[in-house]
Structures are given as structure tokens and as C-alpha cells.
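Student: Just dropping this structure here.
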2 protein chains.
Amino acid sequence: MRNRPFRIALAQADFTVGDIDRNRDRVVQLIAEARDRHVSLVSFPELALTGYPPEDLLFKPKFIDANLRALESVRRETEGITAVVGFVDRQDDIYNAAAILSDGSCSIYHKQYLPNYGVFDENRYFQAGQESSVFHLDGVTFGVNVCEDIWYPGGPAREQSLLGGAELIVNISSSPFHDGKGLMREQMMATRAADHGAVLAFCNLVGGQDELVFDGGSLVVDQTGSLIARAPRFEERLLVVDLDMEAVFRHRLHDPRRRQEKQSAEGRVPTVQLGGAPNRRPEGPTDNHPPIPPTFEPSDRLPDVYRALVVGTRDYVRKNGFEKVLVGLSGGIDSALVAIIAIDALGVENVGLVTMPSRFSSDGTKSDAQDMADGLGATLKTMPIQSVFDMYLSELADEFEGHPFDTAEENLQPRIRGNLLMALSNKFGWLVLTTGNKSEMSMGYATLYGDMAGGFAVINDLYKTLVYDLAHYRNSLGDRPAIPPSIIERPPTAELRENQFDTDSLPPYDVLDPILQAYVEEDRSLQEIVSLGYDEKLVQRIIRTVDLNEYKRRQSPPGIKITQRAFGRDRRLPITNRCREY
Amino acid sequence: MRNRPFRIALAQADFTVGDIDRNRDRVVQLIAEARDRHVSLVSFPELALTGYPPEDLLFKPKFIDANLRALESVRRETEGITAVVGFVDRQDDIYNAAAILSDGSCSIYHKQYLPNYGVFDENRYFQAGQESSVFHLDGVTFGVNVCEDIWYPGGPAREQSLLGGAELIVNISSSPFHDGKGLMREQMMATRAADHGAVLAFCNLVGGQDELVFDGGSLVVDQTGSLIARAPRFEERLLVVDLDMEAVFRHRLHDPRRRQEKQSAEGRVPTVQLGGAPNRRPEGPTDNHPPIPPTFEPSDRLPDVYRALVVGTRDYVRKNGFEKVLVGLSGGIDSALVAIIAIDALGVENVGLVTMPSRFSSDGTKSDAQDMADGLGATLKTMPIQSVFDMYLSELADEFEGHPFDTAEENLQPRIRGNLLMALSNKFGWLVLTTGNKSEMSMGYATLYGDMAGGFAVINDLYKTLVYDLAHYRNSLGDRPAIPPSIIERPPTAELRENQFDTDSLPPYDVLDPILQAYVEEDRSLQEIVSLGYDEKLVQRIIRTVDLNEYKRRQSPPGIKITQRAFGRDRRLPITNRCREY
């Protein structure tokens, strides 16, 4: 029993995959900062030393060696404090592990539940841990576990709290964002804390890594399931929280289930006595707020999704060593949204805009592109494609003679644009951002090596309907709309032939998008989707088109995961696929 | 004890992913054929009903339903015979399973060892089985297991043979090809059969599926580890083999280890009595050959690799519904090899050849391309790129003013070629084959959206040195060389500027390739590679270049896995990767 607060800190920071030396330096710096703020226990995210996910770097023995050396450096920096640090342990095999470093000592926990679904492949690399120990520090008993471990009611936290007597559970995570994940996570954490009658401290990674954005949102939930502190999402923060361990003790004392279980299991969970916490009353400001019950209302999704796009873009560009990006601005809504995301991520001085009209481009789209650039204070290069297009057509005239104008001629136009952007990219070292959305990528309504040419596909996991919502949302933020309303209002068109509209080839997006979501993300069958009220022939055509275009998606640059199931590593379908079981 | 032979058949056939109805029909047809040939037990490959690997199709409930319905149809076709059929079972979860169908009855085995490394992700989908039963059929005791199960000395075959008394182990597999795999597999099977003192019948899938080629090579090894029958590789075959079970019985009788183990374990392995084998002496020809000890000499690798390339190309093209392919013939060795592979796979009438010279193309390459096409009786379209190239340069002149000719101008040329090929592809429905090799793909010595544009990357897992070996090999097959010797002899060049040679940018391929192999396939460190006798600065530059070009490979079309570790699903590295631990 202790009557002074127990101060913890959650170091929600951005650790880059492979950048072991810098990750180590950042850990050491944050430990020092926590010590200055009288913290007893500071926690870092899962695999903080290697970055997450390291993927097949884990097969390189030197990479594991380097991360072990980094851990050893960190251990020497834990005088008078306890730090929980994610790293890769090597024993008989390798483990996704947490080191509990305390005043120079080192204990180790191995992750027990290895996710091997969705974007995760942890069984490919790690052996699962077996042992759930607890630690005594300055009168407080706590358990440590890693990410997935906390998602199972019967996971190690149960053993640690009910059998080991842990009053505090520290969960270190690298839990990536998807739309709605924040709420799911908070609800689960609140349930888990109340079930175990223990404080739960969840420390999450932040920052973009290829397709993934880690959204932070680290939090502390008390023994009743109320939220007592929460870090902001999508940015770094050392969250400092004082815990009232006396209240936890009293709460647990009055829970007969807990008393009973504990008595019957006395001594079954290994316990480790730690030094490293200065036995004194902490001072200075904290991030505590009054306890609030967990919310079960979806938060406003648009700001979250928008920030994920900005952070994902910023980090892909910066962590890959680029300064500037290039966006082809067509005068349509997709490229307009990508341009403003890029500007918010990198600053207007780092975003090059190029418009490449053809004879099919309307005056409206041309002037809209210019208006948008002007409004943002950006320079817009104009590079017409007509003369190159005509030259291709003349070279192909013999071959194409007698054949009508079709997708061959249509696709040439975005391919010329792709070539021009890539020529600028090669000459000046700018990264090209592509502008396709998920509705288009699902249906193959995009040109390989054309509008799909580029290094990063910013919005390729946004359905078109969400593109519109985000355009409106972003326009609501400033004094004047960043995206000219006429861009938002114009009926969508690829402008690759006269009077072309998306609806010539696709159903209206408000019909298409829910069908795509049901099929792509939820594995609903044809009949299940039809029973939602859609035309059977239409649904069948959509499903078939999605399946047939897997080959295009396979050659797409990576983009930012926004939905529950993005294309790519999240959804692994064969190209050669004769399945017609809808 | 029985003194007449026990006849089995291994149905080494090509089952296509997702094509459940046709796969079922093929199984039924082969069961009938086996029955006509007096076979008691016929075996099919792993997941024959769904094709392998079905990947995320396994998440669709309708897909599992359809495969269960197909199994039920097959069950009704097993009058008087026993068939072992790979399918997906659904109980509490889904299992990679073998059905033992016998005269209308159905028993089920669940795969116990789920591979989750290399190209395999089976933990993503399946629950592992627990039980190793054995079956009695017409006086013979046999056990069944699935692929990976047989690769572990302590796997289910041990329990089945030593404790369950199985005299025959049937292993159903979908084991993909890589260079050297055939020998590895035979050696392992021989060891396993001799260890367990049982006949081992290994039935493998055949045919191409996206990046993988299943090479067949089904075989039967007797209880001493000698090979008694082997199906050809890379083609379908119903391999019919008579087993001398009397000899197996005598062999096991004299093995004290086996007697002992069996006595101590009597009854511990569940046994199932089957009907379904006609109790009579089989007649007619078999594929038995006199027992030969397993070879421990590497077979001639070039014919194997070449056939893998031909089968992989043929099946990707055909199973995706294409008739014809298009190859850009530069006059260099890579495109020459791809052209002849395509012709061997699809027939000369289905391969369109296009040469697209620029002002940097030498007379030699131009005439070589023509000579090769003439020699093969193929038509060669010529589409010069100079006028389109000049038009691009004029459009870019303002932007590029004052900057020297560099990769921007170089890359434009293959991109124009890519556009022309794709224009023909879009107009006429021909699949474009790309021609890059593994040495180039490793080093990023290829142009995204240029020579990397196309649907299938035939030789992207062949190092350049192997490209030469295969060119010589293929030339040795005919009366006259299919690839003109001058193509093989010319120093490699991309011909994207005056007097350019690959060696301007890359070390000689006989130096580069072993370094790449050590780094990419074997995860050797810088120091380990240097200790093989290479210059440290050079090795460091190569490693760094391989790492930096991950983004290009991510946008490559799929190609055929030939090496132990191909790029793609076999080697999963982050693009955002600051690892410098070599």
C-alpha cells in the first residue's frame, strides 16, 4: 500500500524501421526526459529499437546483433528509473520482446500472441513466448505484455493481474491505424482493465511506415475502466501520468473473485524485484485528466482519416530521403485532394504541380487546376500532351488501321503524362505521387504505367465517396476553400475521349462503394450483397471486375491503409484465379 | 501378409486455383482411369480441389462450401477404389486436409505442420491438425499426411509407421520448384522411407500458378530407401506402381526397433478399416522400375530450369485467358531468351515480336533481332521510337534546359517502348512479357514503366550468368542455334546513350552474381561476402543498391520463382528501410 502517486510515462514516439542507432538515441533521450520529470516507469512502443514492422530484415543476423547492442546501451542509461523497451530477443530462436530495464538490471518478456492475419506475418519470424511474470517496483506490482497479447481476454494480462497480483499492466504496441480502430482499441482496453481490476497503460508507436500509419493514441485506463489520460493521435508525446495505487489496492481488496483466485495461485507467477524507482513523491505537471468513462460513440472520422493521410505521406517522403514531390493536377477531385494533402504534409514549397491537358480536357478542368494552384500560392507547370500523343498515333497508324478508337488510345494519354512526370522525377529527384482512389483501383479504372505511375499512392485506400467527404472536410478548415467548389461539383470524368464520364463505365459511386466494401473488405457473397437491395447483374459485374483487375493492383505503388482491409499485403489474392464462387 | 502386389496410382495433375468444378471433374476422371487399371489406392496432390495456393480465397465462405460440395461428389465416385484427395476441411476452423474416400466412405486427415516461411503463409489460414490415424485396406496398413508433414523426422509419418504399423505412407503435396529442389526432395524422401521402414508414395502437383511452378516428380520409395518409380517432371502423369507388401512385411519383421516400439504402443494410433479395394491380382503395365538407390549427385540443372520457365510462362498465359503474347526484341540476350521460351511455351504463331530501335541502337543489334526472328519463322514488327523521343525532348526542353543528358532522357526511351507494346496489348489483347533478369532487378538496372512494363516477368529470377547458360543450353537443342551467336557474344548494353555498356554501371556479371546470391538469398553480411574474396567497397555499393531499389521491385509484374529466394512474396522487405547493418 502506498499513499503517494506512482508516476509513469508513455513515450509515444516515431521509431523508423532499420534505423537502430537513431532509435536507440531517441530512447535514451526520452528516458532522460522522463527521469527529469520524476517518472518511476517509462514505456516505449513494441519493437522500438528496430522499428515496426521490420519484415525480412529479421532474417539478417547482423540486424538482430545491432538491436541487442542497442539494448545493452539503453540498459546502461537506466540509473534510478525503470524502462520498458521493445526489441528483438534471441535465445533458441528470435522473439518479439519487451526488456524491463531497471537501474541497470534487465528482465525480458516474450510476446505470446503473434498476429498472422491482415497485414501481420509474425509467425514468419518469431517464436511465441510462454511465461507471464510480474515485477515489484517501489511497492507496485506490474505486468508487461506486447500488443496482440492484450486483445485476448485470456491473454497474459489475466494471469499477471489475477494470479500474479499485478495492479498495473503495461502493454507496448505498434498498432496501425484504420478507420474506426481508435474507438475499438479504447473500448477493448477499458473492458480489459475493468475485467482485470488493474490499471492498463497502453503505449503505441506513431508515424508512417510504407502502407501503415501508426496513430499513437496511447492511453491509461484505471482499474474501473475509466480513461485517466490519453496522448494525442498522429504525433509524438511523452505522456506523464500519476497513478493512485492506493485506490487500485482498495478496489482489488473488495473484489472477492480476485482474492479467491490469488489465494489459490499464490506463487505460481514468477515475480522479479526491481530497483530503479526513486522512492519519493513526484512533482510537476502531468497529463492526467479526471476519469471519464470510455466512449462508445464513433469519433468524427474525417479528421482522423485526413491526419493519417498527411502523416503517411509526410513520413513516406521524408523517411525515404525525398525533399519534394510532384503531383499531376488534372482539374479533377482526386488529384486536387492529393495536392492539398501533400501541401499539408510537406509545405507548398515542396510540392510541384503539373497540369498536362489534351484536346479532351475541358476549359473548366484547365481553369480549375490553375485556380486551385493560384489559391494555394503554388506554381503550376503546364505541359500539353497533344503533340506527343499525335506522334504516337502516327507511329501506330499502320498497326491500328481499321480499328476504332478504344482503350488503346485512351491509355496512351495517361501514359504520356506518367512519362512526363517521371522524366521530371528522374531529372530533379522529386517523388511522384499518384492520385487513384480505391473505387478506381477496385475496378481497374486506372491506367498501368499511366496515372498509376509514381512512388506513393496517397489515396488508393479511399473510396470515391470518402474522397468527396474529405474534400468538403478540408475545405471547411480554412477561410476559403482550398479545393475550388467547381472541382468538387463537376461530374467525374477521365477526359480520355469526347464527352466521357465515369458513369459511362461505372455505376454511380454511391452505389458502387458500398458494394465494393461488402465484397473487398467483408468477403460478402453475391447473394448477401444482392439481399442488401442491389441489382444482381450489377453486383456480379462488379465482383468479376474486381477479381479480374488483381494484376493491375499488383503493380501499384504502395499507398496508405485507411480501411479495415486495404489492397496489398492486407488482401492476398492470386492473379491466376478461376474462382467464380460469389 | 499378402503375396500379390498392392497397386497404387499417383495422379500428378494440374489443378487450377479457384477452378473447383473443373478440378473435381478431373479428379473423378482420374479415379475412373485408375479403377480401369486395377488400382487399389489412388492419390491426388495437396488441395487438389481448390488448387494451390488459394491464398485469401480461403476467407470466402462460399469458396469453402464449393470445395466441400466437390468433395461430396467425388466421394460418390469411389466405388470399389480408395482415393486420397486434398481439400479444405471446415470444422471449428478450416484445415488443409486429405480425404480418404473408400467405396463411398470418407475419413479425414488434417495437416499438422503448416509452413509459414518463404512463399508460404499457411498459418494465416489454417488450424494445425493433431491426429495421425492409419488405415487398413485389403491387408495393407497405410498412413496419409500432407506436404510439409513429411519434411520433419518426428512428423506424423513416424507415429503412423512406428506406432500405427503403417507399411505405406502416402504424402500428398503441392511442393513448388526451385533450382535444386528435386534432388533435395528425393534425398529427404529416401531417408524418411528407410527410417520408417515403410514405402513412401509422394504425389505432387504440376503446373504454373503465378510466381510458382509445381514440378511434379512424384515418386515411390521402398522400405529400404530405394526408388522404385518416378513420374516425369513438369508434366501430368497417372503413375501406376505395384508394391510388394510381402517384402515390406518381412523387412519390418526383422527390425527390432520397430517390433519393440509397436508392442509398447499397441492401439495408441486410431485405425480405420476401409473397403474399396478389389481383392484381386492387378493386371496390365505399371511404371515400376528396378529399385535404384537415391542419387546424391545434382542433376543437370539447365533442362529443369528451362522447363520450369516454359511451363510457368505457358500456364500464366493460358490460365489467365490469353492466346498471344508480345515480346520487345532488342537484339540483346535477355529478350532473345524470353522470346524463345515464349515460343516453346505457346508456339511461334502466338508470339508477336516487336523491335523498337532508337538512334542509339547499333546495326548489329538491329540485324540480330531480324536474324533471330527470321530463323524462328516469326514476324518481327519494327517501330522506331526516335520521332516520339524527339517530341518528348522538345516538350521537356524548357524544363531540362541547362541540365545534361542523364537517366531522365535514358529512361524515356524504354518508356516509349513500353507504351508502344502496351498500346498493341490494349488494342489486340496480347499479354506483354517483360525481359529483365535478376541481376538487373537486384540493382534497379531497369526502367519502371519502361522495360518493366508488362504482365509477366519471365526471367526476373535468373541471374545474368544463368541467362547465358540457358541461351547456350537452348541453342544446343536444335540443329541450328535459335539465338544467333552474335547476340550471345555482344557485350551487354542497354543502348540508351552512345557507347553505353552494362559494365559502365555494374561490375562484370560473373563478379556481381555471386555477391547478389550471397546477399539476397543467403542473408550473408558484408564481412562474410568480403571474406569470399571480394572488394569491400564494391560489396558495400552492391548491397546498398539492392536495398535502395526495393521500390522498383514492388511494382514489377510477377515472374517465375527459380532460385531458393525470389523477389516478391519470398523476400518481404520494407521500402522505408534505414537499415545499414550489413
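Naming scheme: A, B, ... for chains in displayed order of the C-alpha cells; residues 1 onward per chain; ligands 1 onward as shown.
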Skipping near chain neighbours, those fewer than 5 positions away, what residues fall within 12 Å of Asn23 in chain B using only C-alpha atoms, listed as a ChimeraX atom specification?

Tutor: /A:578-579 /B:13-18,28-30,44-45,47-52,66-67,70-71,73-74,85-87

Student: For chain A, which residues have at least one atom within 7 Å of chain B, if we go by only C-alpha atoms? Write them as an MDAnalysis selection string, please.

Tutor: chainID A and resid 17:19 54:57 59:60 62:63 116:117 123:124 209:210 316 319:320 388 391:392 407:408 412 415 419 423 426:427 449 523 525 555:557 571:579 581:582

Student: Keeping N, CA and C atoms for every residue in the selection just given, could you write it to a file as a compact mmCIF listing (two decimals), in the first residue's frame?

Tutor:
# COMPACT_ATOMS: atom_id res chain seq x y z
N VAL A 17 11.95 2.07 -39.16
CA VAL A 17 12.40 0.70 -39.41
C VAL A 17 13.85 0.69 -39.86
N GLY A 18 14.65 -0.10 -39.18
CA GLY A 18 16.04 -0.30 -39.56
C GLY A 18 17.01 0.71 -38.98
N ASP A 19 16.49 1.81 -38.45
CA ASP A 19 17.35 2.92 -38.03
C ASP A 19 17.76 2.74 -36.57
N PRO A 54 9.69 -4.78 -39.05
CA PRO A 54 10.99 -4.93 -39.72
C PRO A 54 10.98 -5.94 -40.86
N GLU A 55 9.92 -6.74 -40.95
CA GLU A 55 9.79 -7.74 -42.03
C GLU A 55 11.06 -8.61 -42.13
N ASP A 56 11.50 -8.90 -43.35
CA ASP A 56 12.58 -9.87 -43.53
C ASP A 56 13.96 -9.36 -43.10
N LEU A 57 14.05 -8.11 -42.65
CA LEU A 57 15.30 -7.69 -42.01
C LEU A 57 15.59 -8.61 -40.83
N PHE A 59 15.63 -11.64 -40.74
CA PHE A 59 16.43 -12.82 -41.12
C PHE A 59 17.92 -12.52 -41.15
N LYS A 60 18.31 -11.26 -41.00
CA LYS A 60 19.72 -10.90 -41.05
C LYS A 60 20.31 -10.96 -39.65
N LYS A 62 23.03 -9.90 -38.50
CA LYS A 62 23.66 -8.64 -38.09
C LYS A 62 22.64 -7.63 -37.57
N PHE A 63 21.46 -7.72 -38.12
CA PHE A 63 20.39 -6.80 -37.72
C PHE A 63 19.97 -7.11 -36.28
N ASN A 116 -0.93 -13.09 -37.19
CA ASN A 116 -0.53 -13.62 -38.50
C ASN A 116 -1.69 -13.51 -39.49
N TYR A 117 -2.37 -12.39 -39.41
CA TYR A 117 -3.54 -12.12 -40.25
C TYR A 117 -3.40 -10.70 -40.77
N ASN A 123 4.23 -14.95 -37.32
CA ASN A 123 4.65 -16.35 -37.27
C ASN A 123 5.79 -16.66 -38.23
N ARG A 124 5.94 -15.82 -39.22
CA ARG A 124 7.04 -15.98 -40.18
C ARG A 124 8.39 -15.79 -39.49
N GLN A 209 4.91 4.11 -41.97
CA GLN A 209 5.90 3.13 -42.43
C GLN A 209 5.30 2.42 -43.64
N ASP A 210 5.74 2.80 -44.84
CA ASP A 210 5.18 2.26 -46.07
C ASP A 210 3.65 2.38 -46.04
N TYR A 316 6.45 8.78 -45.53
CA TYR A 316 6.98 8.02 -46.67
C TYR A 316 8.00 8.86 -47.42
N LYS A 319 11.14 9.81 -44.82
CA LYS A 319 11.96 8.67 -44.39
C LYS A 319 12.66 8.00 -45.56
N ASN A 320 12.16 8.23 -46.78
CA ASN A 320 12.84 7.71 -47.95
C ASN A 320 13.78 8.73 -48.57
N VAL A 388 2.81 14.96 -78.49
CA VAL A 388 3.38 13.62 -78.29
C VAL A 388 2.33 12.55 -78.62
N MET A 391 2.03 12.10 -82.23
CA MET A 391 3.19 11.39 -82.79
C MET A 391 3.06 9.88 -82.55
N TYR A 392 2.62 9.48 -81.34
CA TYR A 392 2.37 8.05 -81.09
C TYR A 392 1.35 7.51 -82.08
N THR A 407 -9.64 1.72 -75.73
CA THR A 407 -8.76 1.91 -74.56
C THR A 407 -7.30 2.02 -74.95
N ALA A 408 -6.90 1.48 -76.10
CA ALA A 408 -5.50 1.61 -76.51
C ALA A 408 -5.14 3.10 -76.61
N LEU A 412 -3.01 5.61 -73.80
CA LEU A 412 -1.77 6.31 -74.20
C LEU A 412 -1.66 7.68 -73.52
N ARG A 415 -0.45 7.56 -70.04
CA ARG A 415 0.94 7.05 -70.10
C ARG A 415 1.92 8.16 -70.50
N ASN A 419 4.92 9.49 -68.21
CA ASN A 419 6.30 9.64 -68.69
C ASN A 419 6.84 11.03 -68.39
N ALA A 423 9.90 11.81 -66.07
CA ALA A 423 11.08 12.50 -66.61
C ALA A 423 11.50 13.61 -65.66
N ASN A 426 13.00 11.91 -62.57
CA ASN A 426 14.37 11.42 -62.80
C ASN A 426 15.36 12.58 -62.89
N LYS A 427 14.92 13.69 -63.51
CA LYS A 427 15.85 14.81 -63.70
C LYS A 427 16.12 15.54 -62.39
N TYR A 449 1.09 2.16 -65.66
CA TYR A 449 2.20 2.93 -66.27
C TYR A 449 1.72 4.31 -66.71
N ASP A 523 -15.80 -9.86 -47.48
CA ASP A 523 -15.96 -11.18 -48.09
C ASP A 523 -17.42 -11.61 -48.18
N SER A 525 -20.88 -12.56 -49.98
CA SER A 525 -21.16 -13.27 -51.23
C SER A 525 -22.10 -12.43 -52.09
N GLN A 555 0.82 -4.20 -59.45
CA GLN A 555 1.90 -3.32 -59.91
C GLN A 555 1.73 -1.88 -59.42
N SER A 556 0.81 -1.70 -58.49
CA SER A 556 0.59 -0.35 -57.94
C SER A 556 1.68 0.00 -56.94
N PRO A 557 2.05 1.28 -56.87
CA PRO A 557 2.92 1.68 -55.75
C PRO A 557 2.14 1.53 -54.44
N ARG A 571 -4.66 -8.08 -48.31
CA ARG A 571 -5.62 -8.85 -49.12
C ARG A 571 -4.80 -9.52 -50.21
N ARG A 572 -4.53 -10.81 -50.02
CA ARG A 572 -3.56 -11.51 -50.86
C ARG A 572 -4.28 -12.49 -51.76
N LEU A 573 -4.58 -12.04 -52.95
CA LEU A 573 -5.31 -12.91 -53.85
C LEU A 573 -4.44 -13.30 -55.02
N PRO A 574 -4.64 -14.52 -55.51
CA PRO A 574 -3.90 -14.92 -56.70
C PRO A 574 -4.33 -14.08 -57.90
N ILE A 575 -3.43 -13.86 -58.85
CA ILE A 575 -3.83 -13.27 -60.12
C ILE A 575 -4.50 -14.36 -60.96
N THR A 576 -3.82 -15.49 -61.07
CA THR A 576 -4.39 -16.65 -61.75
C THR A 576 -5.45 -17.24 -60.83
N ASN A 577 -6.70 -17.01 -61.15
CA ASN A 577 -7.77 -17.29 -60.19
C ASN A 577 -9.04 -17.53 -60.97
N ARG A 578 -9.44 -18.78 -61.07
CA ARG A 578 -10.65 -19.08 -61.83
C ARG A 578 -11.85 -19.24 -60.92
N CYS A 579 -11.75 -18.72 -59.72
CA CYS A 579 -12.86 -18.84 -58.76
C CYS A 579 -14.05 -18.01 -59.23
N GLU A 581 -17.00 -18.52 -57.39
CA GLU A 581 -17.92 -18.76 -56.27
C GLU A 581 -18.17 -17.43 -55.59
N TYR A 582 -19.22 -16.79 -56.00
CA TYR A 582 -19.53 -15.49 -55.40
C TYR A 582 -20.55 -15.65 -54.30

Student: So that I can check the surroundings of range 220-223 of chain B, please list as a PyMOL selection string every protein, DNA and RNA residue that reaches within 9 Å of it, counting only C-alpha atoms and ignoring chain neighbours fewer than 3 positions away.

Tutor: chain B and resi 167-168+186+189-190+193-203+226-230+241+243+247-248+251-252+288+291+294

Student: Pick the closest to Asp469 in chain B from B:Val305, B:Leu253, B:Val511, B:Ala231: which is it, counting only C-alpha atoms?

Tutor: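 Closest candidate: B:Val305.
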
Student: Go ahead and compute the interatomic distance for CA of Glu148 in chain A and CA of Ser173 in chain A, in Å to one decimal.

Tutor: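 The value is 7.8 Å.
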
Student: Please run DSSP on the backbone and report, as a list in words, all residues within range 345-565 of chain B that come out as strand (DSSP E or B).

Tutor: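 Written out, the strand (DSSP E or B) residues of range 345-565 of chain B are Val351, Gly352, Leu353, Val354, Thr355, Leu380, Lys381, Thr382, Leu431, Val432, Leu433, Thr434, Phe456, Ala457 and Gly559 of chain B.
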
Student: Kindly export the residues of the current selection with C-alpha atoms, as an mmCIF file, in the first residue's frame.

Tutor:
data_model
loop_
_atom_site.group_PDB
_atom_site.id
_atom_site.type_symbol
_atom_site.label_atom_id
_atom_site.label_comp_id
_atom_site.auth_asym_id
_atom_site.auth_seq_id
_atom_site.Cartn_x
_atom_site.Cartn_y
_atom_site.Cartn_z
ATOM 1 C CA VAL B 351 4.312 -14.850 -80.061
ATOM 2 C CA GLY B 352 4.444 -11.351 -81.504
ATOM 3 C CA LEU B 353 7.929 -9.845 -81.748
ATOM 4 C CA VAL B 354 8.482 -6.108 -81.940
ATOM 5 C CA THR B 355 11.755 -4.275 -82.294
ATOM 6 C CA LEU B 380 9.125 -9.010 -86.492
ATOM 7 C CA LYS B 381 7.355 -5.657 -86.385
ATOM 8 C CA THR B 382 9.687 -2.665 -86.428
ATOM 9 C CA LEU B 431 -0.058 -10.114 -72.984
ATOM 10 C CA VAL B 432 3.275 -8.279 -72.832
ATOM 11 C CA LEU B 433 6.193 -10.315 -71.451
ATOM 12 C CA THR B 434 8.990 -8.354 -69.804
ATOM 13 C CA PHE B 456 4.666 -11.391 -66.706
ATOM 14 C CA ALA B 457 8.383 -11.149 -65.984
ATOM 15 C CA GLY B 559 7.784 -13.717 -62.633
#

Student: Quick one: residues within 9 Å of Lys464 in chain B, only C-alpha atoms counted, chain neighbours fewer than 3 positions away excluded, as a list of chain:residue names?

Tutor: B:Asp334, B:Asn437, B:Lys438, B:Ser439, B:Glu440, B:Val467, B:Tyr468, B:Asp469, B:Tyr509, B:Asp510, B:Asp513

Student: Do a neighbour search on Asp461 in chain B at 6 Å with only C-alpha atoms, toss out local chain neighbours closer than 6 positions, and write the hits as an mmCIF file with C-alpha atoms, in the first residue's frame.

Tutor:
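This went into around27.cif:
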data_model
loop_
_atom_site.group_PDB
_atom_site.id
_atom_site.type_symbol
_atom_site.label_atom_id
_atom_site.label_comp_id
_atom_site.auth_asym_id
_atom_site.auth_seq_id
_atom_site.Cartn_x
_atom_site.Cartn_y
_atom_site.Cartn_z
ATOM 1 C CA LYS B 438 17.511 -10.978 -61.551
ATOM 2 C CA LYS B 561 10.466 -18.419 -58.945
ATOM 3 C CA ILE B 562 13.669 -20.208 -59.919
ATOM 4 C CA ALA B 566 12.949 -14.971 -55.380
#

Student: In range 38-255 of chain B, what's alpha helix (DSSP H) per DSSP? Answer as a PyMOL selection string?

Tutor: chain B and resi 61-75+156-158+181-196+245-253

Student: Generate the output file for the selected residues, C-alpha atoms, as a PDB file, in the first residue's frame.

Tutor:
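The result, stored in part-v3.pdb:
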ATOM      1  CA  PRO B  61     -17.202 -18.959 -47.006  1.00  0.00           C
ATOM      2  CA  LYS B  62     -18.720 -19.748 -50.427  1.00  0.00           C
ATOM      3  CA  PHE B  63     -15.357 -20.946 -51.666  1.00  0.00           C
ATOM      4  CA  ILE B  64     -15.039 -23.420 -48.810  1.00  0.00           C
ATOM      5  CA  ASP B  65     -18.650 -24.524 -49.368  1.00  0.00           C
ATOM      6  CA  ALA B  66     -17.999 -25.199 -53.048  1.00  0.00           C
ATOM      7  CA  ASN B  67     -14.930 -27.282 -52.273  1.00  0.00           C
ATOM      8  CA  LEU B  68     -16.916 -29.331 -49.741  1.00  0.00           C
ATOM      9  CA  ARG B  69     -19.643 -29.946 -52.312  1.00  0.00           C
ATOM     10  CA  ALA B  70     -16.989 -31.031 -54.797  1.00  0.00           C
ATOM     11  CA  LEU B  71     -15.571 -33.479 -52.257  1.00  0.00           C
ATOM     12  CA  GLU B  72     -19.024 -34.935 -51.726  1.00  0.00           C
ATOM     13  CA  SER B  73     -19.348 -35.501 -55.500  1.00  0.00           C
ATOM     14  CA  VAL B  74     -16.002 -37.215 -55.587  1.00  0.00           C
ATOM     15  CA  ARG B  75     -16.919 -39.439 -52.638  1.00  0.00           C
ATOM     16  CA  PRO B 156       3.194 -37.822 -38.330  1.00  0.00           C
ATOM     17  CA  ALA B 157       4.822 -40.453 -40.609  1.00  0.00           C
ATOM     18  CA  ARG B 158       6.892 -41.570 -37.643  1.00  0.00           C
ATOM     19  CA  LYS B 181      14.657 -28.737 -55.063  1.00  0.00           C
ATOM     20  CA  GLY B 182      14.074 -32.028 -56.910  1.00  0.00           C
ATOM     21  CA  LEU B 183      17.248 -33.586 -55.569  1.00  0.00           C
ATOM     22  CA  MET B 184      16.625 -32.300 -52.050  1.00  0.00           C
ATOM     23  CA  ARG B 185      13.177 -33.799 -52.087  1.00  0.00           C
ATOM     24  CA  GLU B 186      14.296 -37.226 -53.309  1.00  0.00           C
ATOM     25  CA  GLN B 187      17.053 -37.434 -50.739  1.00  0.00           C
ATOM     26  CA  MET B 188      14.678 -36.476 -47.956  1.00  0.00           C
ATOM     27  CA  MET B 189      12.041 -38.982 -49.088  1.00  0.00           C
ATOM     28  CA  ALA B 190      14.601 -41.798 -49.299  1.00  0.00           C
ATOM     29  CA  THR B 191      15.841 -41.033 -45.794  1.00  0.00           C
ATOM     30  CA  ARG B 192      12.330 -40.878 -44.404  1.00  0.00           C
ATOM     31  CA  ALA B 193      11.255 -44.181 -46.024  1.00  0.00           C
ATOM     32  CA  ALA B 194      14.325 -46.021 -44.768  1.00  0.00           C
ATOM     33  CA  ASP B 195      13.996 -44.510 -41.268  1.00  0.00           C
ATOM     34  CA  HIS B 196      10.385 -45.567 -41.001  1.00  0.00           C
ATOM     35  CA  MET B 245       3.866 -55.661 -49.455  1.00  0.00           C
ATOM     36  CA  GLU B 246       5.180 -59.110 -48.556  1.00  0.00           C
ATOM     37  CA  ALA B 247       8.704 -57.678 -48.797  1.00  0.00           C
ATOM     38  CA  VAL B 248       7.727 -54.735 -46.611  1.00  0.00           C
ATOM     39  CA  PHE B 249       6.289 -57.106 -44.037  1.00  0.00           C
ATOM     40  CA  ARG B 250       9.480 -59.203 -43.952  1.00  0.00           C
ATOM     41  CA  HIS B 251      11.644 -56.077 -43.752  1.00  0.00           C
ATOM     42  CA  ARG B 252       9.693 -54.711 -40.776  1.00  0.00           C
ATOM     43  CA  LEU B 253       9.633 -58.113 -39.060  1.00  0.00           C
TER      44      LEU B 253
END
